[in-house]
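Peer 1: Here you go, input24.pdb (PDB, C-alpha atoms):
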ATOM      1  CA  MET A   3       0.000   0.000   0.000
ATOM      2  CA  LYS A   4       2.759   2.406   1.033
ATOM      3  CA  ASP A   5       4.854   1.540  -2.042
ATOM      4  CA  ARG A   6       2.145   2.413  -4.523
ATOM      5  CA  GLN A   7       1.582   5.676  -2.701
ATOM      6  CA  LYS A   8       5.281   6.505  -2.857
ATOM      7  CA  THR A   9       5.335   5.760  -6.595
ATOM      8  CA  MET A  10       2.333   8.039  -7.044
ATOM      9  CA  TYR A  11       4.056  10.869  -5.124
ATOM     10  CA  VAL A  12       7.111  10.606  -7.356
ATOM     11  CA  PHE A  13       5.002  10.615 -10.530
ATOM     12  CA  TYR A  14       2.883  13.503  -9.379
ATOM     13  CA  LYS A  15       5.905  15.558  -8.358
ATOM     14  CA  LYS A  16       7.344  14.995 -11.830
ATOM     15  CA  MET A  17       4.051  15.953 -13.389
ATOM     16  CA  ILE A  18       3.932  19.254 -11.508
ATOM     17  CA  ARG A  19       7.232  20.183 -13.159
ATOM     18  CA  PHE A  20       5.308  20.537 -16.418
ATOM     19  CA  TYR A  21       3.379  23.537 -15.100
ATOM     20  CA  PRO A  22       4.621  26.994 -16.168
ATOM     21  CA  THR A  23       7.439  28.133 -13.853
ATOM     22  CA  GLU A  24       5.508  30.987 -12.237
ATOM     23  CA  PHE A  25       2.601  28.687 -11.396
ATOM     24  CA  ARG A  26       4.891  25.957 -10.085
ATOM     25  CA  GLU A  27       6.839  28.303  -7.859
ATOM     26  CA  GLN A  28       3.704  29.841  -6.404
ATOM     27  CA  LEU A  29       1.527  26.761  -5.920
ATOM     28  CA  GLY A  30       3.556  23.613  -6.641
ATOM     29  CA  GLU A  31       4.337  22.781  -3.043
ATOM     30  CA  SER A  32       0.789  23.311  -1.842
ATOM     31  CA  MET A  33      -0.443  21.174  -4.725
ATOM     32  CA  GLU A  34       1.852  18.303  -3.765
ATOM     33  CA  GLN A  35       0.584  18.483  -0.196
ATOM     34  CA  THR A  36      -3.021  18.368  -1.368
ATOM     35  CA  PHE A  37      -2.191  15.388  -3.548
ATOM     36  CA  ARG A  38      -0.724  13.571  -0.539
ATOM     37  CA  ASP A  39      -3.873  14.356   1.450
ATOM     38  CA  LEU A  40      -6.022  12.954  -1.357
ATOM     39  CA  CYS A  41      -3.885   9.802  -1.506
ATOM     40  CA  ASP A  42      -4.308   9.340   2.231
ATOM     41  CA  GLU A  43      -8.059   9.549   1.770
ATOM     42  CA  TYR A  44      -8.153   7.088  -1.122
ATOM     43  CA  GLN A  45      -5.412   4.695   0.051
ATOM     44  CA  HIS A  46      -7.813   2.236   1.612
ATOM     45  CA  ARG A  47      -9.774   1.812  -1.559
ATOM     46  CA  SER A  48      -8.770  -1.242  -3.488
ATOM     47  CA  GLY A  49      -9.116  -2.448  -7.050
ATOM     48  CA  GLN A  50     -11.424  -0.361  -9.209
ATOM     49  CA  GLY A  51     -11.803   2.497  -6.721
ATOM     50  CA  TRP A  52      -8.057   3.088  -6.630
ATOM     51  CA  VAL A  53      -7.669   2.841 -10.426
ATOM     52  CA  VAL A  54     -10.472   5.329 -10.956
ATOM     53  CA  PHE A  55      -8.850   7.693  -8.468
ATOM     54  CA  VAL A  56      -5.428   7.406 -10.151
ATOM     55  CA  LEU A  57      -6.885   7.980 -13.609
ATOM     56  CA  TRP A  58      -8.994  10.916 -12.439
ATOM     57  CA  ILE A  59      -6.190  12.671 -10.614
ATOM     58  CA  PHE A  60      -3.629  12.385 -13.420
ATOM     59  CA  VAL A  61      -5.998  13.241 -16.262
ATOM     60  CA  GLU A  62      -7.437  16.170 -14.312
ATOM     61  CA  THR A  63      -3.967  17.509 -13.529
ATOM     62  CA  ALA A  64      -2.813  17.009 -17.137
ATOM     63  CA  VAL A  65      -5.774  19.076 -18.319
ATOM     64  CA  GLY A  66      -4.855  21.679 -15.687
ATOM     65  CA  ILE A  67      -1.287  21.853 -17.019
ATOM     66  CA  LEU A  68      -2.542  22.429 -20.558
ATOM     67  CA  LYS A  69      -4.938  25.129 -19.371
ATOM     68  CA  GLU A  70      -2.191  26.908 -17.461
ATOM     69  CA  TRP A  71       0.073  26.950 -20.498
ATOM     70  CA  VAL A  72      -2.722  28.367 -22.637
ATOM     71  CA  GLU A  73      -3.416  30.982 -19.952
ATOM     72  CA  SER A  74       0.268  31.804 -19.601
ATOM     73  CA  ILE A  75       0.691  32.290 -23.373
ATOM     74  CA  ARG A  76      -2.521  34.320 -23.560
ATOM     75  CA  GLN A  77      -1.404  36.566 -20.706
ATOM     76  CA  ASN A  78       2.046  37.134 -22.184
ATOM     77  CA  PHE A  79       0.466  37.994 -25.515
ATOM     78  CA  GLY A  80      -2.066  40.281 -23.829
ATOM     79  CA  ARG A  81       0.635  41.953 -21.767
ATOM     80  CA  LYS A  82       2.374  42.974 -24.965
ATOM     81  CA  LYS A  83      -0.803  44.422 -26.384
ATOM     82  CA  ARG A  84      -2.107  45.988 -23.181
ATOM     83  CA  LYS A  85      -2.515  49.702 -23.328
ATOM     84  CA  GLY A  86      -0.829  51.890 -20.783
ATOM     85  CA  ILE A  87       2.171  49.638 -20.260
ATOM     86  CA  MET A  88       5.400  51.384 -21.147
ATOM     87  CA  GLU A  89       7.670  49.948 -23.789
ATOM     88  CA  ILE A  90      11.229  50.721 -24.808
ATOM     89  CA  ARG A  91      10.737  52.029 -28.314
ATOM     90  CA  TYR A  92      12.794  55.175 -28.376
ATOM     91  CA  ALA A  93      16.362  55.957 -27.377
ATOM     92  CA  SER A  94      18.726  58.783 -28.104
ATOM     93  CA  ILE A  95      22.405  59.354 -28.532
ATOM     94  CA  LEU A  96      24.150  62.731 -28.284
ATOM     95  CA  VAL A  97      25.987  63.725 -31.453
ATOM     96  CA  ASP A  98      28.116  66.822 -31.921
ATOM     97  CA  ASP A  99      27.067  67.256 -35.556
ATOM     98  CA  GLN A 100      23.694  65.947 -36.733
ATOM     99  CA  ASP A 101      24.428  66.110 -40.491
ATOM    100  CA  LYS A 102      27.660  64.241 -40.042
ATOM    101  CA  ALA A 103      25.917  61.780 -37.757
ATOM    102  CA  LEU A 104      23.169  61.107 -40.289
ATOM    103  CA  GLN A 105      25.773  60.428 -42.937
ATOM    104  CA  PHE A 106      27.745  58.059 -40.706
ATOM    105  CA  TYR A 107      24.783  56.195 -39.271
ATOM    106  CA  THR A 108      23.129  55.670 -42.655
ATOM    107  CA  GLU A 109      26.009  55.405 -45.118
ATOM    108  CA  LYS A 110      28.517  53.572 -42.914
ATOM    109  CA  LEU A 111      26.471  51.718 -40.342
ATOM    110  CA  GLY A 112      23.595  51.041 -42.718
ATOM    111  CA  PHE A 113      20.676  52.418 -40.707
ATOM    112  CA  VAL A 114      17.751  54.131 -42.374
ATOM    113  CA  LYS A 115      16.586  57.693 -41.755
ATOM    114  CA  LYS A 116      13.148  57.668 -40.184
ATOM    115  CA  GLY A 117      12.395  61.267 -39.371
ATOM    116  CA  ASP A 118      13.914  64.704 -39.630
ATOM    117  CA  VAL A 119      11.661  67.387 -38.198
ATOM    118  CA  MET A 120      12.089  70.573 -36.259
ATOM    119  CA  ASP A 121      10.760  70.522 -32.723
ATOM    120  CA  GLY A 122      10.874  74.183 -31.787
ATOM    121  CA  PRO A 123      14.514  75.176 -31.924
ATOM    122  CA  TRP A 124      15.650  71.541 -31.949
ATOM    123  CA  ARG A 125      16.024  69.199 -34.863
ATOM    124  CA  CYS A 126      14.584  65.778 -34.192
ATOM    125  CA  LEU A 127      16.564  63.396 -36.354
ATOM    126  CA  THR A 128      15.873  59.682 -36.077
ATOM    127  CA  VAL A 129      17.092  56.427 -37.607
ATOM    128  CA  VAL A 130      15.976  52.796 -37.467
ATOM    129  CA  SER A 131      17.528  49.439 -38.346
ATOM    130  CA  LYS A 132      17.640  48.516 -41.999
ATOM    131  CA  ASP A 133      15.774  45.221 -41.539
ATOM    132  CA  GLY A 134      12.511  47.102 -41.511
ATOM    133  CA  SER A 135      11.938  46.542 -37.833
ATOM    134  CA  GLU A 136      10.883  49.728 -36.149
ATOM    135  CA  ASN A 137      10.884  48.327 -32.646
ATOM    136  CA  LEU A 138      13.473  50.856 -31.636
ATOM    137  CA  THR A 139      13.974  54.328 -32.995
ATOM    138  CA  LEU A 140      17.268  56.017 -32.294
ATOM    139  CA  GLU A 141      17.372  59.777 -32.127
ATOM    140  CA  LEU A 142      20.618  61.417 -33.169
ATOM    141  CA  GLN A 143      20.247  64.188 -30.657
ATOM    142  CA  GLY A 144      22.064  67.459 -31.020
ATOM    143  CA  MET A 145      23.735  69.292 -28.165
ATOM    144  CA  ASN A 146      20.477  70.713 -26.890
ATOM    145  CA  PHE A 147      21.551  71.445 -23.338
ATOM    146  CA  PRO A 148      24.594  73.325 -22.012
ATOM    147  CA  SER A 149      26.504  70.464 -20.402
ATOM    148  CA  ALA A 150      25.914  68.026 -23.279
ATOM    149  CA  ARG A 151      29.328  68.554 -24.824
ATOM    150  CA  ALA A 152      31.179  68.125 -21.526
ATOM    151  CA  TYR A 153      29.138  65.024 -20.721
ATOM    152  CA  GLN A 154      29.861  63.462 -24.096
ATOM    153  CA  ARG A 155      33.556  64.368 -24.014
ATOM    154  CA  GLU A 156      34.089  62.885 -20.554
ATOM    155  CA  GLN A 157      32.352  59.683 -21.552
ATOM    156  CA  PHE A 158      34.459  59.457 -24.702
ATOM    157  CA  GLU A 159      37.683  60.114 -22.822
ATOM    158  CA  ALA A 160      36.809  57.477 -20.280
ATOM    159  CA  GLU A 161      36.441  55.088 -23.271
ATOM    160  CA  TYR A 162      32.897  54.386 -22.229
ATOM    161  CA  ALA A 163      30.619  53.219 -25.036
ATOM    162  CA  TYR A 164      27.426  55.255 -25.415
ATOM    163  CA  ALA A 165      25.467  52.443 -27.088
ATOM    164  CA  ALA A 166      25.815  48.847 -28.244
ATOM    165  CA  PHE A 167      24.651  47.571 -31.617
ATOM    166  CA  PRO A 168      24.385  43.800 -32.003
ATOM    167  CA  THR A 169      25.239  41.871 -35.143
ATOM    168  CA  LYS A 170      24.963  38.199 -36.041
ATOM    169  CA  ASP A 171      28.530  38.116 -37.421
ATOM    170  CA  ILE A 172      30.908  40.509 -35.706
ATOM    171  CA  TYR A 173      33.917  39.668 -37.880
ATOM    172  CA  ALA A 174      32.061  40.239 -41.131
ATOM    173  CA  GLU A 175      30.703  43.572 -39.869
ATOM    174  CA  TYR A 176      34.095  44.567 -38.433
ATOM    175  CA  ASN A 177      35.816  43.889 -41.780
ATOM    176  CA  ARG A 178      33.102  45.675 -43.723
ATOM    177  CA  LEU A 179      33.365  48.796 -41.551
ATOM    178  CA  ILE A 180      37.198  48.759 -41.581
ATOM    179  CA  LYS A 181      37.020  48.895 -45.378
ATOM    180  CA  LEU A 182      34.717  51.913 -45.098
ATOM    181  CA  GLY A 183      37.323  53.663 -42.964
ATOM    182  CA  VAL A 184      35.616  53.317 -39.576
ATOM    183  CA  VAL A 185      38.088  53.684 -36.708
ATOM    184  CA  PHE A 186      38.048  50.737 -34.287
ATOM    185  CA  ARG A 187      39.645  50.473 -30.863
ATOM    186  CA  GLY A 188      41.262  47.082 -31.353
ATOM    187  CA  GLU A 189      39.788  43.873 -32.702
ATOM    188  CA  PRO A 190      36.760  41.852 -31.606
ATOM    189  CA  GLU A 191      37.469  40.200 -28.277
ATOM    190  CA  ASP A 192      35.817  37.921 -25.789
ATOM    191  CA  GLY A 193      33.588  39.873 -23.414
ATOM    192  CA  GLY A 194      31.972  36.984 -21.540
ATOM    193  CA  PRO A 195      28.575  36.305 -23.072
ATOM    194  CA  VAL A 196      29.442  38.439 -26.108
ATOM    195  CA  LEU A 197      32.207  39.199 -28.582
ATOM    196  CA  THR A 198      32.801  42.919 -28.591
ATOM    197  CA  VAL A 199      34.797  45.741 -30.127
ATOM    198  CA  LYS A 200      34.476  49.527 -29.864
ATOM    199  CA  PHE A 201      34.451  51.970 -32.752
ATOM    200  CA  GLU A 202      34.217  55.748 -33.109
ATOM    201  CA  ASP A 203      31.048  57.181 -34.590
ATOM    202  CA  THR A 204      32.853  60.403 -35.720
ATOM    203  CA  CYS A 205      30.339  62.442 -33.760
ATOM    204  CA  GLY A 206      31.912  62.215 -30.328
ATOM    205  CA  ASN A 207      30.912  58.699 -29.238
ATOM    206  CA  LEU A 208      32.321  55.252 -28.843
ATOM    207  CA  ILE A 209      29.930  52.471 -29.829
ATOM    208  CA  ASN A 210      30.144  48.813 -28.955
ATOM    209  CA  LEU A 211      29.691  46.381 -31.788
ATOM    210  CA  ILE A 212      28.665  43.101 -30.201
ATOM    211  CA  GLN A 213      27.757  39.553 -31.100
ATOM    212  CA  VAL A 214      25.916  37.449 -28.567
ATOM    213  CA  LYS A 215      27.527  34.026 -28.340
ATOM    214  CA  ASP A 216      25.374  31.014 -29.235
TER     215      ASP A 216
ATOM    216  CA  MET B 234      -9.750  35.539 -15.238
ATOM    217  CA  PRO B 235     -11.829  36.620 -12.255
ATOM    218  CA  ASN B 236     -11.524  40.320 -11.849
ATOM    219  CA  SER B 237     -12.178  42.029  -8.558
ATOM    220  CA  SER B 238     -12.967  45.282 -10.319
ATOM    221  CA  ASP B 239     -15.845  44.138 -12.531
ATOM    222  CA  ASN B 240     -19.112  42.342 -11.987
ATOM    223  CA  GLN B 241     -18.683  39.561 -14.490
ATOM    224  CA  PRO B 242     -20.246  36.245 -13.405
ATOM    225  CA  LEU B 243     -17.781  34.004 -11.589
ATOM    226  CA  THR B 244     -16.857  30.595 -12.956
ATOM    227  CA  PRO B 245     -18.454  27.699 -11.023
ATOM    228  CA  ALA B 246     -15.038  26.707  -9.610
ATOM    229  CA  VAL B 247     -14.272  30.237  -8.378
ATOM    230  CA  PHE B 248     -17.748  30.537  -6.876
ATOM    231  CA  HIS B 249     -17.402  27.236  -5.009
ATOM    232  CA  ILE B 250     -13.944  28.115  -3.709
ATOM    233  CA  LEU B 251     -15.135  31.490  -2.419
ATOM    234  CA  LEU B 252     -18.119  29.810  -0.805
ATOM    235  CA  ALA B 253     -15.822  27.251   0.842
ATOM    236  CA  LEU B 254     -13.602  30.036   2.172
ATOM    237  CA  SER B 255     -16.513  32.155   3.393
ATOM    238  CA  SER B 256     -16.567  30.178   6.632
ATOM    239  CA  GLY B 257     -12.833  30.550   7.271
ATOM    240  CA  ALA B 258      -9.318  29.956   5.911
ATOM    241  CA  ARG B 259      -8.673  26.479   4.496
ATOM    242  CA  HIS B 260      -5.834  24.538   2.892
ATOM    243  CA  GLY B 261      -6.183  22.978  -0.577
ATOM    244  CA  TYR B 262      -7.544  19.633   0.560
ATOM    245  CA  GLY B 263      -9.857  21.395   3.023
ATOM    246  CA  ILE B 264     -11.289  23.519   0.199
ATOM    247  CA  MET B 265     -11.934  20.386  -1.893
ATOM    248  CA  LYS B 266     -13.766  18.693   0.935
ATOM    249  CA  GLN B 267     -15.834  21.787   1.739
ATOM    250  CA  VAL B 268     -16.814  22.152  -1.926
ATOM    251  CA  GLU B 269     -17.913  18.531  -1.881
ATOM    252  CA  ILE B 270     -20.041  19.159   1.225
ATOM    253  CA  ASP B 271     -21.501  22.449  -0.051
ATOM    254  CA  SER B 272     -22.485  20.875  -3.357
ATOM    255  CA  GLN B 273     -23.889  17.764  -1.668
ATOM    256  CA  GLY B 274     -21.305  15.636  -3.430
ATOM    257  CA  LYS B 275     -22.164  16.911  -6.898
ATOM    258  CA  VAL B 276     -18.950  18.860  -7.444
ATOM    259  CA  ASN B 277     -15.767  16.824  -7.189
ATOM    260  CA  MET B 278     -13.021  19.363  -7.733
ATOM    261  CA  GLY B 279      -9.580  18.003  -8.672
ATOM    262  CA  PRO B 280      -6.241  19.669  -7.874
ATOM    263  CA  GLY B 281      -5.791  20.882 -11.478
ATOM    264  CA  THR B 282      -9.043  22.848 -11.359
ATOM    265  CA  LEU B 283      -8.599  23.962  -7.752
ATOM    266  CA  TYR B 284      -5.090  25.344  -8.130
ATOM    267  CA  GLY B 285      -5.727  26.780 -11.589
ATOM    268  CA  SER B 286      -8.621  28.756 -10.115
ATOM    269  CA  LEU B 287      -6.645  29.675  -6.989
ATOM    270  CA  LYS B 288      -3.850  31.061  -9.174
ATOM    271  CA  ARG B 289      -6.244  33.391 -10.972
ATOM    272  CA  MET B 290      -7.975  34.332  -7.739
ATOM    273  CA  LEU B 291      -4.638  35.159  -6.090
ATOM    274  CA  ASP B 292      -3.689  37.276  -9.119
ATOM    275  CA  ALA B 293      -7.056  39.059  -9.002
ATOM    276  CA  GLY B 294      -6.816  39.659  -5.242
ATOM    277  CA  LEU B 295      -9.907  37.598  -4.369
ATOM    278  CA  VAL B 296      -7.961  35.302  -2.050
ATOM    279  CA  GLN B 297      -4.621  35.431  -0.287
ATOM    280  CA  GLU B 298      -2.336  33.027   1.499
ATOM    281  CA  SER B 299      -2.726  33.130   5.245
ATOM    282  CA  GLY B 300       0.498  31.285   6.027
ATOM    283  CA  ALA B 301       1.416  27.642   6.542
ATOM    284  CA  ARG B 302       0.452  25.708   9.603
ATOM    285  CA  ALA B 303      -0.464  22.194  10.699
ATOM    286  CA  ASP B 304      -4.074  21.071  10.597
ATOM    287  CA  PRO B 305      -4.855  19.625  14.068
ATOM    288  CA  ALA B 306      -7.171  17.066  12.440
ATOM    289  CA  MET B 307      -4.546  15.898   9.924
ATOM    290  CA  GLY B 308      -1.228  15.382  11.696
ATOM    291  CA  ASP B 309       1.909  17.503  11.928
ATOM    292  CA  GLU B 310       2.487  18.387   8.294
ATOM    293  CA  ARG B 311       2.293  22.085   7.577
ATOM    294  CA  ARG B 312      -0.168  23.153   4.911
ATOM    295  CA  VAL B 313      -0.607  26.464   3.126
ATOM    296  CA  TYR B 314      -3.919  28.062   4.059
ATOM    297  CA  TYR B 315      -5.913  30.393   1.824
ATOM    298  CA  GLN B 316      -8.389  33.024   2.945
ATOM    299  CA  MET B 317     -10.861  35.279   1.231
ATOM    300  CA  THR B 318      -9.986  38.980   0.882
ATOM    301  CA  SER B 319     -12.508  41.813   1.133
ATOM    302  CA  ALA B 320     -12.537  41.899  -2.700
ATOM    303  CA  GLY B 321     -13.367  38.172  -2.622
ATOM    304  CA  LYS B 322     -16.231  38.789  -0.168
ATOM    305  CA  ARG B 323     -17.556  41.523  -2.435
ATOM    306  CA  ALA B 324     -17.339  39.273  -5.504
ATOM    307  CA  LEU B 325     -19.196  36.493  -3.683
ATOM    308  CA  SER B 326     -21.925  38.890  -2.504
ATOM    309  CA  VAL B 327     -22.415  40.225  -6.035
ATOM    310  CA  GLU B 328     -22.618  36.677  -7.391
ATOM    311  CA  LEU B 329     -25.115  35.614  -4.732
ATOM    312  CA  ALA B 330     -27.286  38.657  -5.486
ATOM    313  CA  ARG B 331     -27.138  37.755  -9.174
ATOM    314  CA  PHE B 332     -28.192  34.178  -8.394
ATOM    315  CA  MET B 333     -31.076  35.375  -6.209
ATOM    316  CA  HIS B 334     -32.300  37.670  -8.948
ATOM    317  CA  LEU B 335     -32.149  34.811 -11.462
ATOM    318  CA  VAL B 336     -33.934  32.450  -9.106
ATOM    319  CA  ALA B 337     -36.712  35.016  -8.564
ATOM    320  CA  LEU B 338     -36.974  35.536 -12.304
ATOM    321  CA  ALA B 339     -37.034  31.811 -13.004
ATOM    322  CA  GLN B 340     -39.723  31.274 -10.400
ATOM    323  CA  ASP B 341     -41.916  33.950 -12.013
ATOM    324  CA  HIS B 342     -41.437  32.423 -15.436
ATOM    325  CA  TYR B 343     -42.046  28.969 -14.136
ATOM    326  CA  LEU B 344     -45.302  30.044 -12.480
ATOM    327  CA  ASP B 345     -46.483  31.682 -15.735
ATOM    328  CA  LEU B 346     -45.572  28.563 -17.636
ATOM    329  CA  ASP B 347     -47.240  26.401 -15.063
ATOM    330  CA  GLU B 348     -50.477  28.399 -15.289
ATOM    331  CA  ASN B 349     -50.434  28.151 -19.074
ATOM    332  CA  ILE B 350     -50.018  24.434 -18.903
ATOM    333  CA  LEU B 351     -52.821  24.151 -16.432
TER     334      LEU B 351
END
Give the structure from this file in structure tokens form.
Peer 2:
Amino acid sequence: MKDRQKTMYVFYKKMIRFYPTEFREQLGESMEQTFRDLCDEYQHRSGQGWVVFVLWIFVETAVGILKEWVESIRQNFGRKKRKGIMEIRYASILVDDQDKALQFYTEKLGFVKKGDVMDGPWRCLTVVSKDGSENLTLELQGMNFPSARAYQREQFEAEYAYAAFPTKDIYAEYNRLIKLGVVFRGEPEDGGPVLTVKFEDTCGNLINLIQVKD
Amino acid sequence: MPNSSDNQPLTPAVFHILLALSSGARHGYGIMKQVEIDSQGKVNMGPGTLYGSLKRMLDAGLVQESGARADPAMGDERRVYYQMTSAGKRALSVELARFMHLVALAQDHYLDLDENIL
């Protein structure tokens, strides 16, 4: 009697692992306890009663697992579409010359101009990736506030990269940009989870070119 | 998903769990047994349904954990207890009022129907 209960515990524990992580972490332990309580109640039943219980409990839990996955996927999808939740869609980089920056970011780096409008006294110049994805717009922001130049210069002198642009093949991109005359600070090197190398954007910044390792 | 901020009808599982918790905090097995009693044995809730509903009720703020402790009637093992929140009480009251309205309506209709038949 005890052996079959032990086997059931082990199976059920394994089954609970199939629940989505968030669910499992929040309720898994309590669920196991409830299962043990149910087993204690049904342990004295023999033959058909026990088989029916085993079938019911495992099928019912399997259906529960499926439902939770559907719910989890639905919620994640809904979260993305939910209004009012902030998203990272817009970032900016200080450049000391917007015309020069537009030329470098489009002609050398291969980005595409998205917008170029005047916002009061300021020029709002933006670019996006060439692959057509507009998930992130990058503003090439002029020196619109007094300490901008000092801020940018100190960051540059400290060899601190202002931004990081990922690529699928760092060596191919590195060689392509070298040929276009882009100034690199060394060669691609191992940076832990990524391969990385810095280059100058000709507008006062160092940029990291990175490739996430497989 | 049950939402504490709207008056949408509750699912049968959520309704039964709230009803089971209306008389005090219970652990998972305790909720199952109370549901069985309340429904006169007609609802046999399994752990998949119970915990799936509890998850959504916890997220919606209808119930909350009230800590882990041993059940004097069930040995020394500690069990996580769940209790109804004020939002849960409100949701149950709204659902009960809805049921009462429907029952009254159904009785009226039934009487009309009955008279017609007669």
Peer 1: Which residues come within 10 Å of region 204-207 of chain A, counting all atoms listed in the file, excluding same-chain residues fewer than 5 positions away, as a list of chain:residue names?
Peer 2: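 That gives A:Ile95, A:Leu96, A:Val97, A:Asp98, A:Asp99, A:Gln100, A:Asp101, A:Lys102, A:Ala103, A:Leu104, A:Phe106, A:Tyr107, A:Leu142, A:Arg151, A:Gln154, A:Arg155, A:Gln157, A:Phe158, A:Glu159, A:Glu161, A:Tyr162, A:Ala163, A:Tyr164, A:Ala165, A:Val184, A:Val185.
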Peer 1: For Ala306 (chain B), find every residue with an atom within 12 Å (counting all atoms listed in the file), except residues of its own chain fewer than 4 positions away, and show them as a list of chain:residue names.
Peer 2: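 So the residues in contact are A:Asp39, B:Gly263, B:Arg302, B:Glu310, B:Arg311, B:Arg312.
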Peer 1: Rounded to one decimal place, report the CA of Tyr173 (chain A)-CA of Leu111 (chain A) distance in Å.
Peer 2: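 Going from CA of Tyr173 (chain A) over to CA of Leu111 (chain A), I get 14.4 Å.
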Peer 1: So the first atom is CA of Phe13 (chain A) and the second is CA of Gly30 (chain A); what is the distance between them in Å, to one decimal place?
Peer 2: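 Separating CA of Phe13 (chain A) from CA of Gly30 (chain A) is a distance of 13.6 Å.
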Peer 1: Could you tell me which residues the PyMOL selection byres ((chain A and resi 29) around 12) returns for this structure, as a PyMOL selection string?
Peer 2: (chain A and resi 18-19+21-28+30-36) or (chain B and resi 260-261+280-281+283-289+291+298+312-315)
Peer 1: Please, what is the axis-aligned box for every listed atom of region 316-332 of chain B with 8 Å on each side, as centre and edge lengths in Å to one decimal, as JSON?
Peer 2:
{"center_x": -18.3, "center_y": 37.5, "center_z": -3.1, "size_x": 35.8, "size_y": 24.9, "size_z": 28.1}
Peer 1: Got a sec to resolve the PyMOL selection byres ((chain B and resi 268) around 8) on this structure and send the residues as number ranges by chain?
Peer 2: B: 249-250, 252-253, 264-267, 269-272, 276-278
Peer 1: Excluding Glu191 (chain A) and any residue of its chain fewer than 4 positions from it, enumerate the residues within 12 Å of it, using only C-alpha atoms, and give them as a ChimeraX atom specification.
Peer 2: /A:172-173,176,187,195-200,210-215
Peer 1: Any chance you could work out the residue set of the ChimeraX specification (/B :<6) & /A here, as a PyMOL selection string?
Peer 2: chain A and resi 36+62-63+66
Peer 1: Would you export the selected residues with C-alpha atoms as a compact mmCIF listing (two decimals), keeping the file's coordinate frame, please?
Peer 2:
# COMPACT_ATOMS: atom_id res chain seq x y z
CA THR A 36 -3.02 18.37 -1.37
CA GLU A 62 -7.44 16.17 -14.31
CA THR A 63 -3.97 17.51 -13.53
CA GLY A 66 -4.86 21.68 -15.69
Peer 1: So that I can check the surroundings of Ala93 (chain A), please list as an mmCIF file with C-alpha atoms, in the coordinates of the input every protein, DNA and RNA residue that reaches within 8 Å of it, counting all atoms listed in the file and ignoring chain neighbours fewer than 4 positions away.
Peer 2:
data_model
loop_
_atom_site.group_PDB
_atom_site.id
_atom_site.type_symbol
_atom_site.label_atom_id
_atom_site.label_comp_id
_atom_site.auth_asym_id
_atom_site.auth_seq_id
_atom_site.Cartn_x
_atom_site.Cartn_y
_atom_site.Cartn_z
ATOM 1 C CA LEU A 138 13.473 50.856 -31.636
ATOM 2 C CA THR A 139 13.974 54.328 -32.995
ATOM 3 C CA LEU A 140 17.268 56.017 -32.294
ATOM 4 C CA GLU A 141 17.372 59.777 -32.127
#
Peer 1: What does the structure give for the distance between CA of Ser319 (chain B) and CA of Val247 (chain B), in Å to one decimal?
Peer 2: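 The value is 15.1 Å.
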Peer 1: What's around Pro123 (chain A) at 12 Å? Count all atoms listed in the file, leave out sequence neighbours fewer than 5 positions away in its own chain, and write the answer as a CSV table (one decimal) with C-alpha atoms, keeping the file's coordinate frame.
Peer 2:
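Final file, part-v2.csv:
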chain,number,residue,atom,x,y,z
A,144,GLY,CA,22.1,67.5,-31.0
A,145,MET,CA,23.7,69.3,-28.2
A,146,ASN,CA,20.5,70.7,-26.9
A,147,PHE,CA,21.6,71.4,-23.3
Peer 1: Identify which of the residues A:Ser74, A:Phe167, A:Ala160, A:Cys41 lies closest to Phe201 (chain A), counting only C-alpha atoms when measuring atom-to-atom distances.
Peer 2: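 The shortest atom-to-atom distance to Phe201 (chain A) comes from A:Phe167.
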Peer 1: Of the residues B:Gln273, B:Gln340, B:Gln316, B:Ser299, which is the one nearest to Leu254 (chain B), using all atoms listed in the file?
Peer 2: B:Gln316
